[in-house]
>>> print(open('query33.txt').read())   # compact mmCIF, C-alpha atoms (C1' of nucleotides)
# COMPACT_ATOMS: atom_id res chain seq x y z
CA MET R 1 -8.87 -22.46 -3.16
CA LYS R 2 -8.12 -22.50 -6.82
CA LEU R 3 -5.40 -24.47 -8.54
CA GLY R 4 -3.49 -22.94 -11.38
CA GLU R 5 -4.22 -24.33 -14.78
CA GLY R 6 -0.59 -25.33 -15.10
CA VAL R 7 -1.39 -28.37 -12.99
CA GLU R 8 -3.63 -29.76 -15.67
CA ALA R 9 -1.03 -29.16 -18.34
CA ALA R 10 1.68 -30.75 -16.22
CA ILE R 11 -0.30 -33.91 -15.58
CA HIS R 12 -1.27 -34.34 -19.21
CA CYS R 13 2.30 -33.74 -20.35
CA ALA R 14 3.64 -36.23 -17.85
CA ALA R 15 1.09 -38.79 -19.00
CA THR R 16 2.13 -38.21 -22.57
CA LEU R 17 5.78 -38.59 -21.70
CA ALA R 18 4.93 -41.87 -20.02
CA SER R 19 4.22 -43.25 -23.49
CA VAL R 20 7.67 -42.33 -24.75
CA ALA R 21 9.72 -45.50 -25.08
CA GLY R 22 13.08 -46.07 -23.43
CA ASN R 23 15.24 -43.04 -22.92
CA SER R 24 13.88 -41.14 -25.89
CA THR R 25 12.84 -37.57 -25.39
CA MET R 26 10.11 -35.30 -26.67
CA PRO R 27 10.53 -31.55 -27.17
CA GLY R 28 8.48 -29.15 -25.16
CA ALA R 29 7.20 -27.56 -28.34
CA ALA R 30 5.67 -30.87 -29.39
CA LEU R 31 3.98 -31.25 -26.02
CA ALA R 32 2.58 -27.75 -26.31
CA GLU R 33 1.28 -28.49 -29.78
CA SER R 34 -0.24 -31.70 -28.51
CA PHE R 35 -2.52 -29.76 -26.18
CA GLY R 36 -2.81 -26.44 -27.98
CA LEU R 37 -0.85 -24.55 -25.35
CA SER R 38 1.63 -21.74 -25.56
CA PRO R 39 5.08 -23.34 -25.95
CA SER R 40 6.87 -20.57 -24.10
CA TYR R 41 4.60 -20.81 -21.11
CA LEU R 42 4.52 -24.58 -20.95
CA LEU R 43 8.30 -24.52 -20.68
CA LYS R 44 7.96 -22.83 -17.32
CA HIS R 45 5.91 -25.67 -15.91
CA LEU R 46 8.09 -28.33 -17.47
CA ASN R 47 11.02 -26.59 -15.88
CA GLN R 48 9.34 -26.83 -12.51
CA LEU R 49 8.83 -30.54 -13.05
CA THR R 50 12.48 -30.87 -13.97
CA ALA R 51 13.54 -29.01 -10.83
CA ALA R 52 11.41 -31.44 -8.80
CA ARG R 53 13.25 -34.40 -10.33
CA ILE R 54 10.11 -35.65 -12.03
CA LEU R 55 11.34 -34.98 -15.56
CA GLU R 56 14.77 -34.96 -17.12
CA SER R 57 15.76 -32.49 -19.80
CA VAL R 58 18.24 -33.06 -22.60
CA PRO R 59 19.48 -29.87 -24.28
CA GLY R 60 20.53 -29.37 -27.85
CA PRO R 61 19.01 -30.60 -31.10
CA ALA R 62 17.15 -33.88 -30.79
CA GLY R 63 16.78 -32.99 -27.11
CA GLY R 64 13.65 -32.67 -25.06
CA TYR R 65 12.03 -34.07 -21.93
CA ARG R 66 11.46 -37.53 -20.56
CA LEU R 67 10.33 -39.01 -17.25
CA ALA R 68 13.05 -39.14 -14.62
CA ARG R 69 11.75 -42.48 -13.33
CA ALA R 70 9.14 -45.08 -14.11
CA ALA R 71 5.54 -43.93 -14.32
CA GLU R 72 4.69 -46.33 -11.50
CA ARG R 73 6.91 -44.30 -9.20
CA ILE R 74 5.36 -40.92 -10.02
CA THR R 75 2.19 -39.87 -8.22
CA LEU R 76 -0.18 -37.04 -8.87
CA LEU R 77 0.90 -35.59 -5.56
CA ASP R 78 4.44 -35.24 -6.84
CA ILE R 79 3.24 -33.25 -9.81
CA VAL R 80 0.82 -31.07 -7.88
CA LEU R 81 3.41 -30.23 -5.25
CA ALA R 82 5.98 -29.47 -7.93
CA ILE R 83 3.67 -26.95 -9.60
CA GLU R 84 1.76 -25.48 -6.69
CA GLY R 85 4.46 -25.61 -4.06
CA ARG R 86 4.98 -27.85 -1.07
CA GLU R 87 3.58 -25.60 1.64
CA PRO R 88 0.03 -26.41 2.73
CA ALA R 89 -2.88 -24.45 1.29
CA PHE R 90 -4.10 -23.31 4.70
CA ARG R 91 -1.66 -21.08 6.47
CA CYS R 92 -2.42 -20.44 10.11
CA GLY R 93 -1.77 -16.79 10.90
CA GLU R 94 -2.24 -17.42 14.62
CA ILE R 95 -4.80 -14.66 14.77
CA ARG R 96 -6.01 -16.05 18.07
CA ARG R 97 -2.99 -14.36 19.64
CA ASN R 98 -3.74 -10.96 18.15
CA GLY R 99 -6.63 -10.19 20.46
CA PRO R 100 -6.75 -7.24 22.85
CA VAL R 101 -5.95 -9.41 25.84
CA LYS R 102 -2.26 -10.15 25.66
CA LEU R 103 -1.45 -13.50 27.17
CA ASP R 104 1.85 -15.13 27.79
CA ALA R 105 3.24 -17.30 25.02
CA SER R 106 2.82 -20.30 27.30
CA ALA R 107 -0.93 -20.03 26.72
CA TYR R 108 -0.47 -21.03 23.09
CA ILE R 109 1.80 -24.02 23.30
CA LYS R 110 -1.04 -26.17 22.04
CA PRO R 111 -1.42 -25.93 18.27
CA CYS R 112 -4.39 -24.10 16.89
CA GLY R 113 -7.35 -26.46 16.58
CA VAL R 114 -8.57 -24.77 13.41
CA ASN R 115 -5.19 -25.20 11.83
CA ALA R 116 -5.10 -28.85 12.85
CA ALA R 117 -8.51 -29.52 11.32
CA MET R 118 -7.67 -27.82 8.05
CA LEU R 119 -4.33 -29.57 7.81
CA TRP R 120 -5.97 -32.90 8.53
CA ALA R 121 -8.38 -32.37 5.67
CA GLU R 122 -5.55 -31.42 3.41
CA SER R 123 -3.61 -34.51 4.40
CA ALA R 124 -6.59 -36.58 3.24
CA TYR R 125 -6.48 -34.70 -0.06
CA ARG R 126 -2.81 -35.39 -0.48
CA ALA R 127 -3.21 -39.01 0.51
CA VAL R 128 -5.62 -39.63 -2.34
CA LEU R 129 -3.30 -37.89 -4.76
CA ALA R 130 -0.39 -39.93 -3.45
CA GLU R 131 -2.30 -43.14 -4.12
CA THR R 132 -2.87 -42.25 -7.75
CA ARG R 133 0.15 -43.15 -9.83
CA LEU R 134 0.84 -41.73 -13.23
CA SER R 135 0.71 -45.23 -14.65
CA ASP R 136 -2.86 -45.50 -13.37
CA ILE R 137 -3.82 -42.43 -15.34
CA VAL R 138 -2.23 -43.83 -18.48
CA ALA R 139 -3.77 -47.27 -18.01
CA GLU R 140 -7.19 -45.81 -17.36
CA TYR R 141 -6.83 -43.67 -20.46
CA ALA R 142 -5.80 -46.66 -22.57
CA ALA R 143 -8.60 -48.86 -21.26
CA GLU R 144 -11.52 -46.49 -20.76
CA GLY R 145 -10.75 -43.71 -23.21
CA ASP R 146 -11.83 -43.63 -26.81
CA PRO R 147 -9.64 -45.86 -29.02
CA ARG R 148 -9.35 -43.19 -31.70
CA ALA R 149 -8.09 -40.58 -29.28
CA PHE R 150 -5.65 -43.05 -27.77
CA ALA R 151 -4.37 -44.07 -31.19
CA ALA R 152 -3.99 -40.46 -32.25
CA SER R 153 -2.05 -39.71 -29.10
CA CYS R 154 0.25 -42.68 -29.61
CA ALA R 155 0.83 -41.69 -33.23
CA PHE R 156 1.68 -38.17 -32.18
CA VAL R 157 4.16 -39.44 -29.62
CA GLU R 158 5.67 -41.86 -32.12
CA ARG R 159 6.13 -39.05 -34.62
CA HIS R 160 7.75 -36.57 -32.24
CA GLN R 161 9.86 -38.66 -29.93
CA ARG R 162 13.61 -38.47 -30.51
CA PRO R 163 15.76 -41.45 -29.62
CA GLN R 164 18.85 -40.67 -27.56
CA LYS R 165 22.28 -42.18 -27.77
CA SER R 166 22.47 -44.34 -24.74
CA ASN R 167 24.29 -42.12 -22.30
CA PRO R 168 22.54 -42.66 -19.04
CA THR R 169 25.26 -41.14 -16.89
CA LYS R 170 25.34 -37.53 -18.04
CA GLN R 171 21.83 -36.11 -18.12
CA THR R 172 20.40 -33.05 -16.49
CA PRO R 173 23.92 -32.22 -15.39
CA ALA R 174 23.75 -28.93 -13.57
CA ARG R 175 21.51 -28.14 -10.68
CA SER R 176 21.92 -24.74 -9.09
CA MET G 1 -3.52 -24.24 -4.24
CA LYS G 2 -3.60 -21.53 -1.67
CA LEU G 3 -6.54 -20.54 0.48
CA GLY G 4 -7.21 -16.93 1.24
CA GLU G 5 -6.55 -15.86 4.76
CA GLY G 6 -10.18 -14.86 5.07
CA VAL G 7 -10.99 -18.52 5.70
CA GLU G 8 -9.09 -18.49 8.94
CA ALA G 9 -10.81 -15.32 10.07
CA ALA G 10 -14.22 -16.69 9.15
CA ILE G 11 -13.73 -19.91 11.10
CA HIS G 12 -12.47 -18.16 14.20
CA CYS G 13 -15.29 -15.65 14.07
CA ALA G 14 -17.86 -18.39 13.67
CA ALA G 15 -16.37 -20.25 16.61
CA THR G 16 -16.54 -17.10 18.68
CA LEU G 17 -20.15 -16.52 17.71
CA ALA G 18 -20.90 -20.07 18.79
CA SER G 19 -20.25 -18.92 22.35
CA VAL G 20 -22.86 -16.19 22.11
CA ALA G 21 -25.91 -17.20 24.13
CA GLY G 22 -29.41 -17.40 22.73
CA ASN G 23 -30.29 -14.94 20.03
CA SER G 24 -27.86 -12.28 21.17
CA THR G 25 -25.61 -10.72 18.59
CA MET G 26 -22.05 -9.46 18.45
CA PRO G 27 -20.90 -6.57 16.29
CA GLY G 28 -18.39 -7.16 13.55
CA ALA G 29 -16.14 -4.50 15.04
CA ALA G 30 -15.87 -6.51 18.24
CA LEU G 31 -14.99 -9.66 16.29
CA ALA G 32 -12.32 -7.75 14.41
CA GLU G 33 -10.89 -6.42 17.65
CA SER G 34 -10.95 -9.92 19.08
CA PHE G 35 -8.47 -11.08 16.44
CA GLY G 36 -6.64 -7.88 15.62
CA LEU G 37 -8.10 -7.63 12.14
CA SER G 38 -9.23 -4.72 10.04
CA PRO G 39 -12.93 -4.19 10.84
CA SER G 40 -13.76 -2.97 7.36
CA TYR G 41 -12.22 -5.96 5.71
CA LEU G 42 -13.66 -8.51 8.08
CA LEU G 43 -17.12 -7.20 7.24
CA LYS G 44 -16.63 -8.45 3.72
CA HIS G 45 -16.10 -12.01 4.87
CA LEU G 46 -18.88 -11.85 7.44
CA ASN G 47 -21.11 -10.64 4.65
CA GLN G 48 -20.20 -13.69 2.61
CA LEU G 49 -21.10 -15.92 5.54
CA THR G 50 -24.40 -14.11 5.85
CA ALA G 51 -25.12 -14.59 2.15
CA ALA G 52 -24.43 -18.31 2.63
CA ARG G 53 -27.03 -18.49 5.40
CA ILE G 54 -24.42 -19.37 7.98
CA LEU G 55 -24.73 -16.13 9.92
CA GLU G 56 -27.59 -13.77 10.50
CA SER G 57 -27.14 -10.04 10.67
CA VAL G 58 -29.16 -7.60 12.71
CA PRO G 59 -28.80 -3.96 11.65
CA GLY G 60 -29.05 -0.86 13.77
CA PRO G 61 -27.69 -0.12 17.23
CA ALA G 62 -27.30 -3.17 19.45
CA GLY G 63 -27.15 -5.12 16.21
CA GLY G 64 -24.47 -7.49 14.98
CA TYR G 65 -24.04 -11.08 13.88
CA ARG G 66 -25.07 -14.42 15.26
CA LEU G 67 -25.12 -17.99 13.99
CA ALA G 68 -28.05 -18.76 11.72
CA ARG G 69 -28.36 -22.27 13.17
CA ALA G 70 -26.89 -24.43 15.90
CA ALA G 71 -23.14 -24.94 15.86
CA GLU G 72 -23.72 -28.68 15.54
CA ARG G 73 -25.28 -28.06 12.14
CA ILE G 74 -22.46 -25.93 10.76
CA THR G 75 -19.45 -27.66 9.26
CA LEU G 76 -16.08 -26.33 8.23
CA LEU G 77 -17.01 -27.19 4.67
CA ASP G 78 -19.90 -24.75 4.80
CA ILE G 79 -17.57 -21.96 5.87
CA VAL G 80 -14.83 -22.79 3.40
CA LEU G 81 -17.25 -22.98 0.49
CA ALA G 82 -18.89 -19.73 1.54
CA ILE G 83 -15.55 -17.89 1.46
CA GLU G 84 -13.70 -19.63 -1.34
CA GLY G 85 -16.62 -20.41 -3.60
CA ARG G 86 -18.41 -23.62 -4.36
CA GLU G 87 -16.71 -24.53 -7.62
CA PRO G 88 -13.98 -27.17 -7.33
CA ALA G 89 -10.37 -26.10 -7.11
CA PHE G 90 -9.35 -28.11 -10.14
CA ARG G 91 -10.99 -26.89 -13.31
CA CYS G 92 -10.61 -29.19 -16.27
CA GLY G 93 -9.95 -27.15 -19.37
CA GLU G 94 -10.36 -30.20 -21.61
CA ILE G 95 -6.98 -29.53 -23.16
CA ARG G 96 -6.95 -33.08 -24.45
CA ARG G 97 -9.28 -31.86 -27.20
CA ASN G 98 -7.06 -28.98 -28.24
CA GLY G 99 -4.52 -31.11 -30.01
CA PRO G 100 -3.66 -30.86 -33.70
CA VAL G 101 -5.71 -33.92 -34.55
CA LYS G 102 -9.32 -32.88 -34.50
CA LEU G 103 -11.57 -35.72 -33.49
CA ASP G 104 -15.30 -35.90 -33.36
CA ALA G 105 -16.96 -34.93 -30.11
CA SER G 106 -18.09 -38.53 -29.72
CA ALA G 107 -14.49 -39.42 -28.90
CA TYR G 108 -14.72 -37.46 -25.66
CA ILE G 109 -17.97 -38.64 -24.17
CA LYS G 110 -15.98 -40.27 -21.40
CA PRO G 111 -14.97 -37.74 -18.76
CA CYS G 112 -11.32 -36.82 -18.49
CA GLY G 113 -9.49 -39.26 -16.23
CA VAL G 114 -7.24 -36.55 -14.86
CA ASN G 115 -10.23 -34.48 -13.93
CA ALA G 116 -11.88 -37.45 -12.28
CA ALA G 117 -8.79 -38.19 -10.19
CA MET G 118 -8.40 -34.60 -9.05
CA LEU G 119 -12.07 -34.25 -8.24
CA TRP G 120 -11.97 -37.50 -6.32
CA ALA G 121 -9.13 -36.21 -4.19
CA GLU G 122 -10.98 -32.99 -3.61
CA SER G 123 -14.09 -34.87 -2.57
CA ALA G 124 -12.00 -36.57 0.11
CA TYR G 125 -10.84 -33.15 1.25
CA ARG G 126 -14.37 -31.87 1.43
CA ALA G 127 -15.58 -35.00 3.18
CA VAL G 128 -13.17 -34.43 6.05
CA LEU G 129 -14.24 -30.82 6.31
CA ALA G 130 -17.88 -31.86 6.23
CA GLU G 131 -17.28 -34.21 9.15
CA THR G 132 -15.86 -31.45 11.31
CA ARG G 133 -18.61 -29.49 12.93
CA LEU G 134 -18.16 -26.06 14.37
CA SER G 135 -19.20 -27.41 17.75
CA ASP G 136 -16.26 -29.81 17.56
CA ILE G 137 -13.89 -26.89 17.12
CA VAL G 138 -15.37 -25.09 20.08
CA ALA G 139 -15.39 -28.19 22.27
CA GLU G 140 -11.81 -29.00 21.37
CA TYR G 141 -10.83 -25.44 22.16
CA ALA G 142 -12.60 -25.55 25.52
CA ALA G 143 -11.10 -28.90 26.46
CA GLU G 144 -7.60 -28.84 25.00
CA GLY G 145 -6.86 -25.14 24.83
CA ASP G 146 -5.28 -23.12 27.56
CA PRO G 147 -7.81 -22.24 30.30
CA ARG G 148 -6.61 -18.66 30.46
CA ALA G 149 -7.14 -18.09 26.75
CA PHE G 150 -10.55 -19.73 26.89
CA ALA G 151 -11.60 -17.64 29.87
CA ALA G 152 -10.38 -14.46 28.21
CA SER G 153 -12.33 -15.32 25.09
CA CYS G 154 -15.48 -16.02 27.07
CA ALA G 155 -15.10 -12.77 28.97
CA PHE G 156 -14.66 -10.88 25.73
CA VAL G 157 -17.80 -12.44 24.32
CA GLU G 158 -19.72 -11.75 27.49
CA ARG G 159 -18.66 -8.14 27.39
CA HIS G 160 -19.55 -7.48 23.75
CA GLN G 161 -22.66 -9.53 23.13
CA ARG G 162 -25.90 -7.60 22.81
CA PRO G 163 -29.15 -9.28 23.81
CA GLN G 164 -31.98 -8.95 21.30
CA LYS G 165 -35.63 -8.50 21.89
CA SER G 166 -37.06 -11.86 21.09
CA ASN G 167 -38.27 -11.36 17.56
CA PRO G 168 -37.28 -14.54 15.75
CA THR G 169 -39.55 -14.01 12.77
CA LYS G 170 -38.14 -10.89 11.18
CA GLN G 171 -34.38 -11.21 10.85
CA THR G 172 -32.14 -10.89 7.82
CA PRO G 173 -35.19 -9.78 5.91
CA ALA G 174 -34.04 -8.86 2.44
CA ARG G 175 -32.18 -11.15 0.09
CA SER G 176 -31.36 -9.76 -3.35
C1' DG Z 1 38.65 -41.14 -48.09
C1' DA Z 2 39.12 -40.00 -43.15
C1' DT Z 3 39.36 -36.44 -39.80
C1' DA Z 4 39.41 -32.07 -37.42
C1' DT Z 5 37.13 -27.66 -37.44
C1' DC Z 6 33.70 -24.34 -38.02
C1' DG Z 7 29.03 -22.82 -38.54
C1' DT Z 8 24.28 -23.53 -37.80
C1' DA Z 9 20.01 -24.71 -35.95
C1' DC Z 10 17.54 -26.48 -32.41
C1' DT Z 11 16.81 -27.10 -27.53
C1' DC Z 12 16.08 -25.56 -22.69
C1' DG Z 13 16.54 -21.86 -19.01
C1' DG Z 14 15.90 -17.59 -16.87
C1' DA Z 15 14.68 -12.63 -17.01
C1' DT Z 16 11.00 -9.56 -18.28
C1' DA Z 17 5.85 -7.28 -19.08
C1' DT Z 18 0.82 -7.79 -18.19
C1' DG Z 19 -3.78 -8.96 -16.08
C1' DG Z 20 -7.02 -10.79 -12.55
C1' DG Z 21 -8.10 -11.68 -8.01
C1' DC Z 22 -7.39 -11.20 -3.13
C1' DT Z 23 -6.48 -7.51 0.12
C1' DG Z 24 -7.62 -3.24 2.27
C1' DT Z 25 -10.42 1.05 2.79
C1' DC Z 26 -14.08 4.15 2.41
C1' DC Z 27 -18.78 6.09 2.34
C1' DG Z 28 -23.87 5.49 2.11
C1' DA Z 29 -28.57 3.09 3.37
C1' DG Z 30 -31.13 1.46 7.12
C1' DT Z 31 -32.72 0.80 11.66
C1' DA Z 32 -33.40 0.76 16.62
C1' DA Z 33 -32.46 3.26 20.67
C1' DC Z 34 -32.77 7.64 22.99
C1' DC Z 35 -34.66 12.03 24.18
C1' DA Z 36 -37.79 15.85 24.07
C1' DC Z 37 -42.28 17.29 23.87
C1' DG Z 38 -47.16 17.18 24.34
C1' DG Z 39 -51.30 15.13 26.26
C1' DC F 1 -47.11 9.65 34.28
C1' DC F 2 -47.68 7.86 29.44
C1' DG F 3 -47.62 8.14 24.42
C1' DT F 4 -45.69 10.09 20.19
C1' DG F 5 -42.56 12.17 17.14
C1' DG F 6 -37.93 13.50 15.82
C1' DT F 7 -33.14 13.17 16.26
C1' DT F 8 -29.12 10.64 16.76
C1' DA F 9 -25.81 7.23 16.63
C1' DC F 10 -24.63 2.82 15.61
C1' DT F 11 -24.88 -1.10 12.57
C1' DC F 12 -24.37 -3.58 8.13
C1' DG F 13 -23.96 -3.43 2.95
C1' DG F 14 -21.94 -2.39 -1.26
C1' DA F 15 -18.74 0.48 -4.14
C1' DC F 16 -13.89 2.05 -4.78
C1' DA F 17 -8.29 1.76 -4.95
C1' DG F 18 -3.75 -1.07 -4.17
C1' DC F 19 -0.82 -4.96 -4.26
C1' DC F 20 0.72 -9.54 -5.21
C1' DC F 21 0.79 -13.69 -7.76
C1' DA F 22 -0.31 -16.41 -11.91
C1' DT F 23 -0.23 -15.74 -16.74
C1' DA F 24 2.03 -14.86 -21.00
C1' DT F 25 6.10 -13.70 -23.75
C1' DC F 26 10.71 -12.89 -25.23
C1' DC F 27 15.68 -13.36 -25.64
C1' DG F 28 20.08 -15.59 -24.31
C1' DA F 29 23.23 -19.85 -22.99
C1' DG F 30 24.35 -24.33 -24.34
C1' DT F 31 24.78 -28.36 -27.20
C1' DA F 32 24.69 -31.81 -30.91
C1' DC F 33 24.41 -32.22 -35.74
C1' DG F 34 25.99 -31.28 -40.39
C1' DA F 35 28.85 -29.22 -43.85
C1' DT F 36 33.35 -28.03 -45.16
C1' DA F 37 38.17 -27.64 -45.58
C1' DT F 38 42.37 -30.07 -44.83
C1' DC F 39 45.58 -34.03 -44.43
>>> encode(input="query33.txt", output="structure tokens")
Amino acid sequence: MKLGEGVEAAIHCAATLASVAGNSTMPGAALAESFGLSPSYLLKHLNQLTAARILESVPGPAGGYRLARAAERITLLDIVLAIEGREPAFRCGEIRRNGPVKLDASAYIKPCGVNAAMLWAESAYRAVLAETRLSDIVAEYAAEGDPRAFAASCAFVERHQRPQKSNPTKQTPARS
Amino acid sequence: MKLGEGVEAAIHCAATLASVAGNSTMPGAALAESFGLSPSYLLKHLNQLTAARILESVPGPAGGYRLARAAERITLLDIVLAIEGREPAFRCGEIRRNGPVKLDASAYIKPCGVNAAMLWAESAYRAVLAETRLSDIVAEYAAEGDPRAFAASCAFVERHQRPQKSNPTKQTPARS
DNA sequence: GATATCGTACTCGGATATGGGCTGTCCGAGTAACCACGG
DNA sequence: CCGTGGTTACTCGGACAGCCCATATCCGAGTACGATATC
């Protein structure tokens, strides 16, 4: 039970991108610099977010990343699942069947109670994450956070965002 | 976000030990055989449960493991924390401070909102696990599970449990 | 001066090494049962 | 027959390798911008 540290980076990057106006983009290198992370490694996580349709990428000079949809329609659950994978954390190996007494498969038609309990707990975890929108994170940061830090963040975004020629049709073209 | 498979083994073993009567014990080898697991490896997890005061171990011949307290007072959270560790899954690296603009530490007296949201979700996860007692798992298994599997499990326990001479004072003596 | 063409520089994307932790196994310390012996 | 000592065998506990995934990095494909040569 340990989340990769890429989750933290992904959430902070998404929150930063939420401050980018319109369809402007921000390069991954700028995001990495914003949090003191390795640019090459952060690209991997940003790529995962792009594959999950949370971010959009624009190649070429003046390219970068932006949110694929409004921050109100992105939840923390989306980001966590994009980074950590969609399968549940608890995987039932059905070890109850591996005992010395071999029973017919009809004895195990009922799902494993342990698995059900663990999955129920995890559904509660995911429900809370699903209730937290990215816009909530940004709003809480703007309201509760230190004004200096917020201003510095906004200035950094303003300095590194690259406006795009309005071409909303052709973006993130290929998907293998 | 992926739990080790030792959690599943630990829960099933604890549920099995809940069926052991009185202060009798059950060897780890029998528990491993009961689920088709490697005895040597299961010992590691049972040892963790013992260190967490969930199980008690009795050395020597006719020794083994038993629950340290009633199954009603053992929750799934206890077992999960004993195996996976007590620290939260999400570790905030405070990457918001690592940006190029160096601010005074007074700008970060407020806790990180991302960290708070993730920890809040995890507290919901743990709350559900804390509400599920080991006795609930056993009762659900006895009521909902297949009667044949339950009877086989009870017979296995009955065959492998070792009664102890009533000596409740001196058990699990040393703790380093 | 306007336009087509070429070169360049910047971006993302995937393929490639490395390290830590979970997995799996082994051997040693300790203890209670068992048995032999003596009283 | 009962008590005592030694042996034995069984248990747990911790120390030792192996493998897989997350981490970290690099290089290549693709694209828009800018300069340049031409009309």
>>> closest_residue(input="query33.txt", among="G:Gly99, G:Gly22, G:Gly64, G:Gly6", to="chain R", atoms="all atoms listed in the file")
G:Gly99
>>> interface_residues(input="query33.txt", of="chain Z", to="chain R", cutoff="7 Å", atoms="all atoms listed in the file", output="PyMOL selection string")
chain Z and resi 10-12
>>> atom_distance(input="query33.txt", atom1="atom C1' of DC26 of chain Z", atom2="atom C1' of DC16 of chain F")
7.5 Å
>>> interface_residues(input="query33.txt", of="chain F", to="chain G", cutoff="12 Å", atoms="only C-alpha atoms (C1' of nucleotides)", output="list in words")
DT8, DA9, DC10, DT11, DC12, DG13, DG14, DC21 and DA22 of chain F
>>> interface_residues(input="query33.txt", of="chain R", to="chain G", cutoff="6 Å", atoms="only C-alpha atoms", output="MDAnalysis selection string")
chainID R and resid 1:3 34:36 84 89:90 95:96 98:99 107 121:122 124:125 128 146
>>> build_atoms(input="query33.txt", residues="segment 64-81 of chain G", atoms="N, CA and C atoms", output="PDB file, in the frame of the given file")
ATOM      1  N   GLY G  64     -25.701  -6.711  15.137  1.00  0.00           N
ATOM      2  CA  GLY G  64     -24.470  -7.490  14.980  1.00  0.00           C
ATOM      3  C   GLY G  64     -24.763  -8.801  14.267  1.00  0.00           C
ATOM      4  N   TYR G  65     -23.924  -9.779  14.542  1.00  0.00           N
ATOM      5  CA  TYR G  65     -24.040 -11.080  13.880  1.00  0.00           C
ATOM      6  C   TYR G  65     -24.295 -12.163  14.916  1.00  0.00           C
ATOM      7  N   ARG G  66     -24.920 -13.210  14.450  1.00  0.00           N
ATOM      8  CA  ARG G  66     -25.070 -14.420  15.260  1.00  0.00           C
ATOM      9  C   ARG G  66     -25.165 -15.594  14.298  1.00  0.00           C
ATOM     10  N   LEU G  67     -25.019 -16.794  14.835  1.00  0.00           N
ATOM     11  CA  LEU G  67     -25.120 -17.990  13.990  1.00  0.00           C
ATOM     12  C   LEU G  67     -26.558 -18.146  13.515  1.00  0.00           C
ATOM     13  N   ALA G  68     -26.706 -18.567  12.278  1.00  0.00           N
ATOM     14  CA  ALA G  68     -28.050 -18.760  11.720  1.00  0.00           C
ATOM     15  C   ALA G  68     -28.667 -20.057  12.201  1.00  0.00           C
ATOM     16  N   ARG G  69     -27.832 -21.009  12.656  1.00  0.00           N
ATOM     17  CA  ARG G  69     -28.360 -22.270  13.170  1.00  0.00           C
ATOM     18  C   ARG G  69     -27.369 -22.788  14.201  1.00  0.00           C
ATOM     19  N   ALA G  70     -27.717 -23.901  14.815  1.00  0.00           N
ATOM     20  CA  ALA G  70     -26.890 -24.430  15.900  1.00  0.00           C
ATOM     21  C   ALA G  70     -25.501 -24.783  15.374  1.00  0.00           C
ATOM     22  N   ALA G  71     -24.521 -24.660  16.253  1.00  0.00           N
ATOM     23  CA  ALA G  71     -23.140 -24.940  15.860  1.00  0.00           C
ATOM     24  C   ALA G  71     -22.952 -26.394  15.461  1.00  0.00           C
ATOM     25  N   GLU G  72     -23.826 -27.269  15.938  1.00  0.00           N
ATOM     26  CA  GLU G  72     -23.720 -28.680  15.540  1.00  0.00           C
ATOM     27  C   GLU G  72     -24.104 -28.876  14.076  1.00  0.00           C
ATOM     28  N   ARG G  73     -24.812 -27.926  13.517  1.00  0.00           N
ATOM     29  CA  ARG G  73     -25.280 -28.060  12.140  1.00  0.00           C
ATOM     30  C   ARG G  73     -24.478 -27.177  11.176  1.00  0.00           C
ATOM     31  N   ILE G  74     -23.343 -26.707  11.631  1.00  0.00           N
ATOM     32  CA  ILE G  74     -22.460 -25.930  10.760  1.00  0.00           C
ATOM     33  C   ILE G  74     -21.133 -26.678  10.668  1.00  0.00           C
ATOM     34  N   THR G  75     -20.705 -26.943   9.453  1.00  0.00           N
ATOM     35  CA  THR G  75     -19.450 -27.660   9.260  1.00  0.00           C
ATOM     36  C   THR G  75     -18.393 -26.697   8.701  1.00  0.00           C
ATOM     37  N   LEU G  76     -17.156 -27.133   8.819  1.00  0.00           N
ATOM     38  CA  LEU G  76     -16.080 -26.330   8.230  1.00  0.00           C
ATOM     39  C   LEU G  76     -16.249 -26.221   6.726  1.00  0.00           C
ATOM     40  N   LEU G  77     -16.812 -27.251   6.118  1.00  0.00           N
ATOM     41  CA  LEU G  77     -17.010 -27.190   4.670  1.00  0.00           C
ATOM     42  C   LEU G  77     -17.946 -26.048   4.295  1.00  0.00           C
ATOM     43  N   ASP G  78     -18.979 -25.849   5.085  1.00  0.00           N
ATOM     44  CA  ASP G  78     -19.900 -24.750   4.800  1.00  0.00           C
ATOM     45  C   ASP G  78     -19.135 -23.423   4.780  1.00  0.00           C
ATOM     46  N   ILE G  79     -18.282 -23.234   5.764  1.00  0.00           N
ATOM     47  CA  ILE G  79     -17.570 -21.960   5.870  1.00  0.00           C
ATOM     48  C   ILE G  79     -16.579 -21.811   4.728  1.00  0.00           C
ATOM     49  N   VAL G  80     -15.833 -22.871   4.449  1.00  0.00           N
ATOM     50  CA  VAL G  80     -14.830 -22.790   3.400  1.00  0.00           C
ATOM     51  C   VAL G  80     -15.488 -22.518   2.048  1.00  0.00           C
ATOM     52  N   LEU G  81     -16.580 -23.201   1.774  1.00  0.00           N
ATOM     53  CA  LEU G  81     -17.250 -22.980   0.490  1.00  0.00           C
ATOM     54  C   LEU G  81     -17.838 -21.582   0.419  1.00  0.00           C
TER      55      LEU G  81
END
